[in-house]
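Participant: Okay, here's the structure, questions in a sec.
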Amino acid sequence: MSERNQYIEKAKANIEEWNAEMEKMKAKVDQAEADAKIEYQKQLNEMRAQRDEAEAKLKELREASDEAWEDMKAGFDKAWDSFSNAFASAMSRFK
């Protein structure tokens with residue numbers, strides 16, 4: 001498997017981990033009291049938005065030409081760090 005394919009597969013796996021975490025959070029939202037439920041739902045929506053942005057960037061990366069790959073990868077790395085931090089911040093509010 002090429003480095004490019006490995007990189008894309010790893011990013012997809014990370015997004016799948018986010019999806020699993022969001023399912024756990026959804027269960028907490030469903031069980032929460034009314035006031036907490038509103039805040040939890042807000043955080044869950046924020047997490048979904050981060051995941052959707054990461055998936056969109058991954059799609060761009062996957063479709064990049066060989067010539068643009070390195071530049072796209074560098075941009076994705078920066079975006080991924082931002083997404084990861086925002087996702088982790090939103091997730092931490094669930095605890």
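The chains in the structure tokens are called A, B, ... from first to last as shown; in each chain the residues are counted from 1, and the ligands are counted from 1 in the order shown.
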Quick one: residues within 12 Å of Gly75 (chain A), only C-alpha atoms counted, chain neighbours fewer than 2 positions away excluded, as a VMD selection string?

Facilitator: chain A and resid 54 57 to 58 60 to 61 64 68 to 73 77 to 82

Participant: Just the residues within 8 Å of region 85-94 of chain A, please, counting only C-alpha atoms, with nothing from its chain fewer than 6 positions along; format it as a ChimeraX atom specification.

Facilitator: /A:25,40,43-44,46-47,50-51

Participant: Of the residues A:Gln41, A:Glu55, A:Ala49, A:Asp30, which is the one nearest to Glu16 (chain A), using only C-alpha atoms?

Facilitator: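 Residue with the minimum atom-to-atom distance to Glu16 (chain A): A:Glu55.
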
Participant: Out of A:Ala56, A:Ala20, A:Arg62, A:Ala27, which residue has the shortest atom-to-atom distance to Gln6 (chain A) when counting only C-alpha atoms?

Facilitator: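 Looking only at the distances to Gln6 (chain A), the closest residue turns out to be A:Arg62.
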